[in-house]
Structures are given as C-alpha cells and as structure tokens.
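Asks: What follows is the file my_file-v2.cif, containing mmCIF, C-alpha atoms:
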```
data_work
#
loop_
_atom_site.label_atom_id
_atom_site.label_comp_id
_atom_site.auth_asym_id
_atom_site.auth_seq_id
_atom_site.Cartn_x
_atom_site.Cartn_y
_atom_site.Cartn_z
CA MET A 1167 31.77 57.82 -6.28
CA ALA A 1168 29.71 56.24 -9.02
CA VAL A 1169 30.94 52.90 -10.31
CA CYS A 1170 30.27 51.18 -13.64
CA PHE A 1171 30.34 47.38 -13.58
CA SER A 1172 30.64 46.65 -17.30
CA SER A 1173 34.19 46.09 -18.55
CA PRO A 1174 34.53 43.69 -21.48
CA VAL A 1175 38.01 42.26 -21.93
CA LYS A 1176 39.47 42.28 -25.42
CA PRO A 1177 41.35 39.25 -26.76
CA THR A 1178 45.09 39.39 -26.12
CA THR A 1179 47.77 38.23 -28.54
CA TYR A 1180 51.23 37.32 -27.24
CA PHE A 1181 53.47 35.62 -29.79
CA THR A 1182 53.45 33.18 -32.66
CA VAL A 1183 55.49 30.07 -33.29
CA LYS A 1184 57.44 30.27 -36.54
CA THR A 1185 57.54 27.07 -38.60
CA GLN A 1186 58.13 26.18 -42.23
CA THR A 1187 54.50 26.98 -42.94
CA LYS A 1188 52.74 30.28 -42.43
CA PRO A 1189 52.69 31.03 -38.65
CA LYS A 1190 49.43 31.31 -36.78
CA LYS A 1191 48.42 34.76 -35.66
CA SER A 1192 48.13 33.95 -31.96
CA ILE A 1193 48.40 31.30 -29.33
CA PHE A 1194 45.93 32.71 -26.82
CA ARG A 1195 42.76 34.63 -27.50
CA CYS A 1196 41.22 35.60 -24.19
CA GLN A 1197 37.81 37.14 -23.77
CA CYS A 1198 35.74 37.17 -20.64
CA SER A 1199 33.45 39.53 -18.78
CA VAL A 1200 32.22 39.21 -15.22
CA THR A 1201 28.53 38.40 -14.81
CA THR A 1202 26.28 38.03 -11.79
CA THR A 1203 26.48 34.47 -10.47
CA THR A 1204 24.11 34.57 -7.47
CA ALA A 1205 20.33 34.38 -7.80
CA ALA A 1206 19.48 36.59 -4.82
CA GLU A 1207 21.41 39.39 -3.19
CA PRO A 1208 23.32 38.05 -0.16
CA GLN A 1209 23.30 39.91 3.13
CA PRO A 1210 26.59 40.91 4.79
CA LEU A 1211 27.69 38.72 7.68
CA TYR A 1212 30.21 41.21 9.04
CA THR A 1213 30.54 44.91 9.61
CA SER A 1214 34.21 44.68 8.61
CA VAL A 1215 36.77 42.16 7.40
CA ARG A 1216 40.52 42.16 6.89
CA THR A 1217 42.21 39.95 4.29
CA PHE A 1218 45.72 39.13 3.12
CA ALA A 1219 46.98 38.01 -0.30
CA PRO A 1220 50.54 36.78 -0.89
CA ALA A 1221 53.19 37.76 -3.39
CA THR A 1222 53.55 35.55 -6.43
CA VAL A 1223 56.24 34.39 -8.83
CA ALA A 1224 54.87 34.18 -12.37
CA ASN A 1225 56.22 32.36 -15.42
CA LEU A 1226 58.72 30.26 -13.44
CA GLY A 1227 61.07 30.42 -16.40
CA PRO A 1228 59.50 28.53 -19.34
CA GLY A 1229 55.89 28.85 -18.12
CA PHE A 1230 55.16 32.27 -19.62
CA ASP A 1231 51.59 33.32 -18.72
CA PHE A 1232 50.52 29.82 -17.69
CA LEU A 1233 52.54 28.93 -14.56
CA GLY A 1234 52.84 30.73 -11.23
CA CYS A 1235 53.13 30.16 -7.50
CA ALA A 1236 52.48 31.97 -4.23
CA VAL A 1237 55.17 33.11 -1.78
CA ASP A 1238 54.53 33.09 1.97
CA GLY A 1239 55.00 36.00 4.34
CA ILE A 1240 54.90 39.01 2.02
CA GLY A 1241 51.88 40.56 0.34
CA ASP A 1242 49.05 43.08 0.59
CA TYR A 1243 46.24 43.62 3.10
CA VAL A 1244 42.74 44.92 2.48
CA SER A 1245 40.32 46.14 5.13
CA LEU A 1246 36.68 46.35 4.06
CA ARG A 1247 33.72 47.72 6.03
CA LEU A 1248 30.07 48.50 5.62
CA ASP A 1249 29.73 52.26 5.15
CA PRO A 1250 26.28 53.90 5.18
CA SER A 1251 27.83 57.08 3.75
CA VAL A 1252 28.72 55.23 0.52
CA HIS A 1253 25.98 54.90 -2.09
CA PRO A 1254 24.48 51.36 -2.14
CA GLY A 1255 26.23 49.02 -4.56
CA GLU A 1256 29.37 51.14 -4.71
CA ILE A 1257 32.96 51.01 -3.42
CA PHE A 1258 34.86 53.89 -1.84
CA ILE A 1259 38.63 53.69 -1.32
CA SER A 1260 39.36 55.55 1.90
CA ASP A 1261 43.08 54.91 2.42
CA ILE A 1262 46.14 53.52 0.65
CA ASP A 1263 49.21 52.90 2.81
CA GLY A 1264 52.65 51.96 1.53
CA THR A 1265 52.69 54.05 -1.65
CA SER A 1266 51.52 57.43 -2.91
CA LYS A 1267 51.44 56.40 -6.58
CA LEU A 1268 48.06 54.64 -6.67
CA SER A 1269 44.72 56.29 -7.44
CA LYS A 1270 41.87 56.14 -4.95
CA ASN A 1271 39.40 56.09 -7.82
CA PRO A 1272 38.06 52.49 -7.69
CA LEU A 1273 37.80 52.41 -11.47
CA TRP A 1274 41.57 52.98 -11.74
CA ASN A 1275 42.79 51.00 -8.74
CA CYS A 1276 43.44 47.26 -8.98
CA ALA A 1277 41.84 46.57 -5.58
CA GLY A 1278 38.83 48.70 -6.49
CA ILE A 1279 38.31 47.02 -9.87
CA ALA A 1280 38.46 43.52 -8.36
CA ALA A 1281 36.12 44.48 -5.50
CA ILE A 1282 33.62 45.91 -7.99
CA ALA A 1283 33.77 42.72 -10.05
CA ALA A 1284 33.14 40.57 -6.96
CA MET A 1285 30.22 42.79 -5.91
CA LYS A 1286 28.69 42.38 -9.34
CA MET A 1287 29.12 38.61 -9.26
CA LEU A 1288 27.36 38.49 -5.89
CA GLY A 1289 24.68 40.95 -6.94
CA VAL A 1290 25.40 43.38 -4.09
CA ARG A 1291 23.17 46.44 -4.55
CA SER A 1292 21.79 47.46 -1.15
CA VAL A 1293 24.94 48.39 0.82
CA GLY A 1294 28.00 50.54 0.19
CA LEU A 1295 31.54 49.52 1.15
CA SER A 1296 34.69 51.39 2.15
CA LEU A 1297 38.04 49.81 1.33
CA SER A 1298 41.49 50.44 2.78
CA LEU A 1299 44.59 49.04 1.04
CA GLU A 1300 47.92 48.32 2.72
CA LYS A 1301 50.68 47.72 0.18
CA GLY A 1302 53.32 45.30 1.38
CA LEU A 1303 54.71 44.82 -2.11
CA PRO A 1304 56.52 47.46 -4.15
CA LEU A 1305 55.07 48.45 -7.50
CA GLY A 1306 56.70 47.02 -10.62
CA SER A 1307 58.71 44.50 -8.62
CA GLY A 1308 57.86 41.31 -10.48
CA LEU A 1309 56.22 39.88 -7.36
CA GLY A 1310 52.57 40.25 -8.39
CA SER A 1311 51.90 43.55 -6.65
CA SER A 1312 48.71 44.36 -8.58
CA ALA A 1313 47.48 40.77 -8.27
CA ALA A 1314 47.97 40.75 -4.48
CA SER A 1315 45.84 43.88 -4.11
CA ALA A 1316 43.16 42.47 -6.42
CA ALA A 1317 43.14 39.09 -4.70
CA ALA A 1318 42.87 40.57 -1.22
CA ALA A 1319 40.04 42.87 -2.35
CA CYS A 1320 37.82 40.32 -4.09
CA VAL A 1321 38.34 37.81 -1.26
CA ALA A 1322 37.36 40.54 1.24
CA VAL A 1323 34.10 41.21 -0.61
CA ASN A 1324 33.40 37.48 -0.86
CA GLU A 1325 34.04 36.88 2.86
CA MET A 1326 31.91 39.87 3.80
CA PHE A 1327 28.94 38.19 2.12
CA GLY A 1328 29.44 34.61 3.24
CA GLY A 1329 32.07 33.20 0.89
CA LYS A 1330 29.66 32.28 -1.89
CA LEU A 1331 32.10 32.66 -4.80
CA LYS A 1332 34.35 29.76 -5.79
CA PRO A 1333 38.11 30.18 -6.34
CA ASP A 1334 37.80 30.20 -10.13
CA GLU A 1335 35.12 32.92 -9.90
CA LEU A 1336 37.40 34.97 -7.66
CA VAL A 1337 40.19 34.56 -10.21
CA LEU A 1338 37.84 35.94 -12.89
CA ALA A 1339 37.12 38.93 -10.66
CA GLY A 1340 40.84 39.47 -10.21
CA LEU A 1341 41.40 39.14 -13.94
CA GLU A 1342 39.14 42.14 -14.47
CA SER A 1343 41.75 44.12 -12.56
CA GLU A 1344 44.79 42.52 -14.20
CA ALA A 1345 43.36 43.17 -17.67
CA LYS A 1346 43.18 46.89 -16.97
CA VAL A 1347 46.49 47.43 -15.19
CA SER A 1348 48.96 44.88 -16.58
CA GLY A 1349 47.32 42.55 -19.12
CA TYR A 1350 44.97 39.60 -19.24
CA HIS A 1351 47.13 36.94 -17.63
CA ALA A 1352 46.30 34.77 -14.61
CA ASP A 1353 49.73 33.48 -13.58
CA ASN A 1354 49.82 35.98 -10.70
CA ILE A 1355 46.17 36.33 -9.71
CA ALA A 1356 45.42 32.58 -9.72
CA PRO A 1357 48.15 31.55 -7.25
CA ALA A 1358 47.53 34.71 -5.19
CA ILE A 1359 43.98 33.47 -4.61
CA MET A 1360 44.48 29.70 -4.64
CA GLY A 1361 47.97 29.38 -3.13
CA GLY A 1362 50.66 26.89 -4.14
CA PHE A 1363 51.50 26.28 -7.78
CA VAL A 1364 48.82 26.91 -10.41
CA LEU A 1365 48.79 26.03 -14.12
CA ILE A 1366 46.43 27.94 -16.39
CA ARG A 1367 45.27 25.29 -18.84
CA SER A 1368 42.99 27.60 -20.81
CA TYR A 1369 41.93 31.24 -20.84
CA ASP A 1370 38.80 30.90 -22.94
CA PRO A 1371 37.14 29.35 -21.07
CA LEU A 1372 39.26 29.85 -17.97
CA GLU A 1373 40.56 26.49 -16.70
CA LEU A 1374 42.90 26.29 -13.72
CA MET A 1375 44.90 23.35 -12.38
CA ARG A 1376 46.38 23.47 -8.89
CA LEU A 1377 49.65 21.53 -8.74
CA GLU A 1378 50.42 19.96 -5.36
CA PHE A 1379 54.01 20.25 -4.20
CA PRO A 1380 54.68 17.43 -1.67
CA LYS A 1381 53.91 18.53 1.89
CA ASN A 1382 56.95 16.73 3.30
CA LYS A 1383 59.33 18.73 1.11
CA GLU A 1384 60.83 22.14 1.85
CA LEU A 1385 60.96 24.79 -0.85
CA PHE A 1386 62.45 28.25 -0.36
CA PHE A 1387 62.44 31.16 -2.78
CA VAL A 1388 65.41 33.51 -2.69
CA LEU A 1389 63.99 36.85 -3.84
CA VAL A 1390 66.49 39.57 -4.69
CA SER A 1391 64.83 42.86 -5.61
CA PRO A 1392 67.02 45.66 -7.01
CA GLU A 1393 66.17 49.34 -6.78
CA PHE A 1394 64.93 49.38 -10.33
CA GLU A 1395 61.38 49.45 -11.70
CA ALA A 1396 60.40 47.19 -14.59
CA PRO A 1397 56.82 48.04 -15.62
CA THR A 1398 54.97 44.98 -16.89
CA LYS A 1399 53.77 46.70 -20.06
CA LYS A 1400 57.32 47.73 -20.97
CA MET A 1401 58.69 44.24 -20.32
CA ARG A 1402 55.93 42.61 -22.35
CA ALA A 1403 56.72 44.94 -25.24
CA ALA A 1404 60.21 43.41 -25.38
CA LEU A 1405 58.88 39.95 -26.23
CA PRO A 1406 59.53 38.53 -29.70
CA ALA A 1407 56.77 38.64 -32.31
CA GLU A 1408 57.82 35.24 -33.63
CA VAL A 1409 59.35 32.16 -32.02
CA GLY A 1410 61.36 29.54 -33.90
CA MET A 1411 60.16 25.95 -33.70
CA PRO A 1412 63.33 24.67 -31.92
CA HIS A 1413 62.87 27.19 -29.09
CA HIS A 1414 59.14 26.44 -28.94
CA VAL A 1415 59.84 22.71 -28.56
CA TRP A 1416 62.58 23.36 -26.00
CA ASN A 1417 60.40 25.60 -23.81
CA CYS A 1418 57.49 23.16 -23.96
CA SER A 1419 59.76 20.33 -22.81
CA GLN A 1420 61.17 22.45 -19.98
CA ALA A 1421 57.71 23.49 -18.82
CA GLY A 1422 56.69 19.83 -18.77
CA ALA A 1423 59.83 18.94 -16.82
CA LEU A 1424 59.12 21.73 -14.35
CA VAL A 1425 55.58 20.47 -13.68
CA ALA A 1426 56.75 16.87 -13.32
CA SER A 1427 59.56 17.90 -10.98
CA LEU A 1428 57.39 19.99 -8.67
CA LEU A 1429 54.78 17.20 -8.42
CA GLN A 1430 57.55 14.77 -7.48
CA GLY A 1431 59.21 17.21 -5.10
CA ASP A 1432 62.39 17.09 -7.19
CA LEU A 1433 63.93 20.51 -6.50
CA VAL A 1434 67.03 19.87 -8.57
CA GLY A 1435 64.88 19.09 -11.61
CA LEU A 1436 62.60 22.03 -10.86
CA GLY A 1437 65.59 24.36 -10.66
CA ARG A 1438 67.07 23.12 -13.93
CA ALA A 1439 63.77 23.71 -15.75
CA LEU A 1440 63.28 27.08 -14.05
CA SER A 1441 66.62 28.24 -15.45
CA SER A 1442 66.06 27.02 -19.00
CA ASP A 1443 63.76 29.55 -20.70
CA LYS A 1444 64.98 30.37 -24.22
CA ILE A 1445 62.14 32.66 -25.30
CA VAL A 1446 61.20 35.31 -22.73
CA GLU A 1447 64.11 35.60 -20.29
CA PRO A 1448 66.75 36.22 -23.01
CA LYS A 1449 64.77 39.28 -24.16
CA ARG A 1450 64.07 40.66 -20.70
CA ALA A 1451 67.33 40.01 -18.86
CA PRO A 1452 69.32 42.64 -20.83
CA LEU A 1453 66.76 45.26 -19.74
CA ILE A 1454 67.56 44.63 -16.06
CA PRO A 1455 71.11 45.82 -15.24
CA GLY A 1456 73.23 42.95 -13.92
CA MET A 1457 70.58 40.23 -14.26
CA GLU A 1458 72.71 37.80 -16.26
CA ALA A 1459 75.50 38.05 -13.69
CA VAL A 1460 72.98 37.63 -10.86
CA LYS A 1461 71.71 34.37 -12.32
CA LYS A 1462 75.25 33.07 -12.73
CA ALA A 1463 76.10 34.05 -9.13
CA ALA A 1464 73.01 32.22 -7.80
CA ILE A 1465 73.94 28.97 -9.55
CA GLN A 1466 77.58 29.21 -8.49
CA ALA A 1467 76.48 29.76 -4.88
CA GLY A 1468 74.47 26.53 -4.91
CA ALA A 1469 70.95 27.49 -6.04
CA PHE A 1470 69.09 24.74 -7.88
CA GLY A 1471 67.91 27.32 -10.41
CA CYS A 1472 67.36 31.02 -11.01
CA THR A 1473 65.27 33.19 -13.31
CA ILE A 1474 63.40 36.49 -13.49
CA SER A 1475 60.31 36.66 -11.29
CA GLY A 1476 57.42 37.65 -13.53
CA ALA A 1477 58.36 40.67 -15.62
CA GLY A 1478 61.16 41.57 -13.19
CA PRO A 1479 63.29 43.14 -11.93
CA THR A 1480 63.27 40.72 -8.98
CA ALA A 1481 65.47 37.66 -9.49
CA VAL A 1482 64.22 34.42 -7.93
CA ALA A 1483 66.30 31.37 -7.04
CA VAL A 1484 65.11 28.09 -5.49
CA ILE A 1485 66.75 26.07 -2.72
CA ASP A 1486 65.73 23.62 0.02
CA ASN A 1487 67.39 25.32 3.00
CA GLU A 1488 66.70 28.79 4.40
CA GLU A 1489 70.23 29.41 5.70
CA ARG A 1490 71.78 28.44 2.37
CA GLY A 1491 69.18 30.64 0.72
CA ARG A 1492 70.44 33.69 2.60
CA VAL A 1493 74.01 33.05 1.47
CA ILE A 1494 72.82 32.67 -2.12
CA GLY A 1495 70.84 35.89 -1.79
CA GLU A 1496 73.92 37.78 -0.60
CA ARG A 1497 75.89 36.60 -3.64
CA MET A 1498 73.06 37.64 -5.93
CA ALA A 1499 72.80 41.09 -4.32
CA GLU A 1500 76.57 41.54 -4.68
CA ALA A 1501 76.26 40.75 -8.39
CA PHE A 1502 73.48 43.32 -8.81
CA TRP A 1503 75.75 45.95 -7.24
CA ARG A 1504 78.93 44.88 -9.02
CA GLU A 1505 77.49 44.42 -12.52
CA GLY A 1506 74.38 46.60 -12.49
CA ASN A 1507 75.28 49.30 -9.95
CA LEU A 1508 72.00 48.54 -8.19
CA LYS A 1509 71.33 48.07 -4.49
CA ALA A 1510 69.11 45.07 -3.85
CA ALA A 1511 67.03 43.71 -0.96
CA VAL A 1512 67.20 39.99 -0.16
CA THR A 1513 64.25 37.96 1.14
CA VAL A 1514 64.04 34.19 1.63
CA LYS A 1515 60.50 32.83 1.84
CA ARG A 1516 58.66 29.50 1.76
CA LEU A 1517 55.99 28.44 -0.70
CA ASP A 1518 52.56 29.78 0.32
CA ARG A 1519 50.16 26.83 0.20
CA VAL A 1520 47.02 28.74 1.25
CA GLY A 1521 46.60 31.84 -0.91
CA ALA A 1522 44.42 34.86 -0.12
CA ARG A 1523 42.61 34.49 3.19
CA LEU A 1524 40.53 36.13 5.87
CA VAL A 1525 42.71 37.52 8.67
CA SER A 1526 40.09 39.03 10.98
CA SER A 1527 36.42 40.02 11.04
CA ILE A 1528 33.79 41.74 13.17
CA PRO A 1529 30.35 40.07 13.12
CA ARG A 1530 27.39 42.20 12.18
#
```
Output the file's structure in the form of structure tokens.
Replies:
Amino acid sequence: MAVCFSSPVKPTTYFTVKTQTKPKKSIFRCQCSVTTTTAAEPQPLYTSVRTFAPATVANLGPGFDFLGCAVDGIGDYVSLRLDPSVHPGEIFISDIDGTSKLSKNPLWNCAGIAAIAAMKMLGVRSVGLSLSLEKGLPLGSGLGSSAASAAAACVAVNEMFGGKLKPDELVLAGLESEAKVSGYHADNIAPAIMGGFVLIRSYDPLELMRLEFPKNKELFFVLVSPEFEAPTKKMRAALPAEVGMPHHVWNCSQAGALVASLLQGDLVGLGRALSSDKIVEPKRAPLIPGMEAVKKAAIQAGAFGCTISGAGPTAVAVIDNEERGRVIGERMAEAFWREGNLKAAVTVKRLDRVGARLVSSIPR
C-alpha cells in the first residue's frame, strides 16, 4: 500500500483565560512536521523486533495537556519484520489483535502513522516492513490507547534500525499519530515513550521534562474502567471556551503543588493536587455516569486522591499500598454500579519508570 510521508500539523487552540482585559485567543499554538534527521539511510540490524508500550494517565487533574505518567503492566505490543513483499520505504499492517474497530490502512491507524513518521526521520527507503499490532488497552478508555500503539510502533522502527532516534524525536513521531486520531497533545505519548512522569514545557518547539519520582517510594494507581466509551474528541468538545482568572490561578497552583509533591515523594500532597482540578474535570465528570460518586468513594476508602484519567471514562486513584488499592478499587466499582449503572473493571498497577521498550528481536 502506498504511503505518503507529508502531514503538516495545524495549530491547536484549547481555551483562553478570562480577565478584566480582553482575553487572549489561545494558550498553545502547536505546529510541527516530521523531517528526516539522519544523513544516510541506516541498515536494519534485525529481521524482526517486538516492542511494548505502557498505558498512561494524562492530565493528572490540573495538568491538562502538559502532565502525564506511565502505568506498568498494561499496554500494547507491536511486532515488526522485514518483508520483501512490501514495497521499499512502505509499511504494511498485517494483523490487529484485540479489537476489530481499527483500520489496517497505515494512513488511518495510529501505529501505522507513527511507524511511517519514524521511517521518514530515519530516511528508510530501501526495505519494506510488515507490522502486527496487539491491543492490550481498550479504545476510548482514558488510558492512552492510541499513544501506546504509536509509541510501540515508532520504537519498533527505531530499534529495527539501531536506535538512532532520541526520545524527543520519537515523541514527535508519535505526535504525528496523536494529531490525526485524538489531537496534538503529548501528555500520553511522551510518558508512553519515556516512562515515569513527564511535563510538556512547550509544544512549539517541543520541550519535555522528565520528573523523577523517588525510587525508594511506592506509588500505585487504582484504575477503575467502566463499560462506557468516552471518545477523546467528544470529551475535548466539552471544555470551556473561557476560564476565569480565579480558576486559572487555582489550577496553576495545584499543578505546581503536584510537581513539587511527586519530586519529593509526597503522595498525600500529590493526591490532594490530583483531586483539585477546577477547570476540566467539572465539565467532564457529568458526562461519565457515576463519576462524582466514584471520586467520593475513593477518598472515603482511603485514597490520597482521585480524578479522571485523561479524557475518561477510567477513574484513577493513587495510594502507596497495593492491597489497600484493591479495596479502594472495589469501593469505586461499587459506586459506578450504584450511581451510574455501569459495570467496571479494577486494576491496581505501579508507576512504569521505563516507557516503551524492546521485548525481543531476531538478528539479521
């Protein structure tokens, strides 16, 4: 299947901050296109590779579009192999396991788009590649499903050709995919690739800051996913066009407190900040049946904090003990059923400190 590499990304406007003076038209204006970064075409080191990329929790309450983290143990796999039957310089998607809703056309598939972008960056023109995607994350779950597929795909291409692309370049490749399927935001794709907590300092140019949570501290995410789909585009459409200055100041202070708390390993402080969004969560929670009751149940059961994971519908709470996390998750699932008439799956996972990685390979 023929593949076109060019895909300019249009600037994206989110919301304005309303003050006594005329409000600005936008906070972020993002524009970037992937370009070739290697001088000479690299040769493949493997005949096939297999990669994994973790789930992610974006926003973390007050950090809308600029904070996110990776979650260990759940995510997507990509298998990539040299395929002489595929036209040189092109990607062919052979299989997609775990869902029947995704297109195998690489121009319309998040893994395909990211793989194409990575191939262009590397200047791959002489070999064709076949890609197989294994979805471990449900679509529209709020756990970075599209980002996990994109991250696993661009990392697979990079590993196939010797790992020449840096993490920020891989994030740009993944952003090509995110821009087409859910919007130009890096709070899922950056932690999916880099692991841990990531702060997006700037989109134009892209500037990423990895935030180190203390290694001697335990952090568990209680993820409660109801049987309800919350498409990212729909949930973004619910956001306010204007934000009052008091709420702007409040959210900025909470985002700062969240960053300070995670750097210090202060889970109580992190949880308080996580729960304190006054801009995005209040608009999205009513669209997810039972969400407000779920958050209340999590706090009452002992969680340090609770919010919506990404665009939802998954609710995420934080705690320092796995066993306590399971009890909290049960209370949250009960609230989803009682108040929202929704069945919900409970998962308790640690922070993923690694990000997308090579799982296996076969030398050429």
Asks: Skipping near chain neighbours, those fewer than 2 positions away, what residues fall within 9 Å of A:Ala1281 using all atoms listed in the file, listed as JSON, numbers by chain?
Replies: {"A": [1257, 1272, 1276, 1277, 1278, 1279, 1283, 1284, 1285, 1286, 1297, 1316, 1317, 1318, 1319, 1320, 1321, 1322, 1323, 1324, 1339, 1340]}
Asks: The residues within 8 Å of (55.6, 35.3, 2.2), using all atoms listed in the file and the coordinates of the file, should be reported as a list in words; which are they?
Replies: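 In the file's frame, the residues around the point are Pro1220, Ala1221, Ala1236, Val1237, Asp1238, Gly1239, Ile1240, Gly1241, Lys1515, Arg1516, Leu1517 and Asp1518 of chain A.
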Asks: Return as AutoDock Vina command-line options the centre and edge lengths, in Å with one decimal, of the box along x, y and z that encloses every atom of stretch 1419-1431 of chain A in the file, padded by 3 Å per side.
Replies:
```
--center_x 58.0 --center_y 19.1 --center_z -14.0 --size_x 12.4 --size_y 14.7 --size_z 23.7
```
Asks: Report the closest atom pair, with its distance in Å rounded to one decimal, for each residue of stretch 1299-1407 of chain A that has an atom no farther than 7 Å from stretch 1467-1488 of chain A; count all atoms listed in the file, sort by chain and then rising residue number, and write it as a tab-separated table.
Replies:
```
residue	atom	partner	partner_atom	distance
A:Ser1307	CA	A:Pro1479	CA	5.8
A:Gly1308	CA	A:Gly1478	CA	4.3
A:Leu1309	CA	A:Ser1475	CA	6.5
A:Glu1384	CA	A:Asp1486	CA	5.4
A:Leu1385	CA	A:Asp1486	CA	5.0
A:Phe1386	CA	A:Ile1485	CA	5.4
A:Phe1387	CA	A:Val1484	CA	4.9
A:Val1388	CA	A:Ala1483	CA	4.9
A:Leu1389	CA	A:Val1482	CA	4.8
A:Val1390	CA	A:Ala1481	CA	5.3
A:Ser1391	CA	A:Thr1480	CA	4.3
A:Pro1392	CA	A:Thr1480	CA	6.5
A:Phe1394	CA	A:Pro1479	CA	6.6
A:Glu1395	CA	A:Pro1479	CA	6.6
A:Ala1396	CA	A:Pro1479	CA	5.6
A:Thr1398	CA	A:Ala1477	CA	5.6
A:Met1401	CA	A:Ala1477	CA	5.9
```
Asks: For the atom pair atom CA of A:Glu1447 and atom CA of A:Val1415, what is the interatomic distance in Å to one decimal place?
Replies: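 One can read the atom CA of A:Glu1447 to atom CA of A:Val1415 distance as 15.9 Å.
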Asks: Please expand the PyMOL selection byres ((chain A and resi 1413) around 10) into the concrete residues it hits in this file, giving the result as a PyMOL selection string.
Replies: chain A and resi 1183-1184+1409-1412+1414-1419+1443-1445
Asks: Would you mind exporting C-alpha atoms of the selected residues as a PDB file, keeping the file's coordinate frame?
Replies:
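In the end it all went to again_27.pdb:
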```pdb
ATOM      1  CA  VAL A1183      55.490  30.070 -33.290  1.00  0.00           C
ATOM      2  CA  LYS A1184      57.440  30.270 -36.540  1.00  0.00           C
ATOM      3  CA  VAL A1409      59.350  32.160 -32.020  1.00  0.00           C
ATOM      4  CA  GLY A1410      61.360  29.540 -33.900  1.00  0.00           C
ATOM      5  CA  MET A1411      60.160  25.950 -33.700  1.00  0.00           C
ATOM      6  CA  PRO A1412      63.330  24.670 -31.920  1.00  0.00           C
ATOM      7  CA  HIS A1414      59.140  26.440 -28.940  1.00  0.00           C
ATOM      8  CA  VAL A1415      59.840  22.710 -28.560  1.00  0.00           C
ATOM      9  CA  TRP A1416      62.580  23.360 -26.000  1.00  0.00           C
ATOM     10  CA  ASN A1417      60.400  25.600 -23.810  1.00  0.00           C
ATOM     11  CA  CYS A1418      57.490  23.160 -23.960  1.00  0.00           C
ATOM     12  CA  SER A1419      59.760  20.330 -22.810  1.00  0.00           C
ATOM     13  CA  ASP A1443      63.760  29.550 -20.700  1.00  0.00           C
ATOM     14  CA  LYS A1444      64.980  30.370 -24.220  1.00  0.00           C
ATOM     15  CA  ILE A1445      62.140  32.660 -25.300  1.00  0.00           C
TER      16      ILE A1445
END
```
Asks: Just give me the gap between atom CA of A:Leu1211 and atom CA of A:Glu1342 in Å, one decimal is fine.
Replies: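 So the two atoms, atom CA of A:Leu1211 and atom CA of A:Glu1342, lie 25.2 Å apart.
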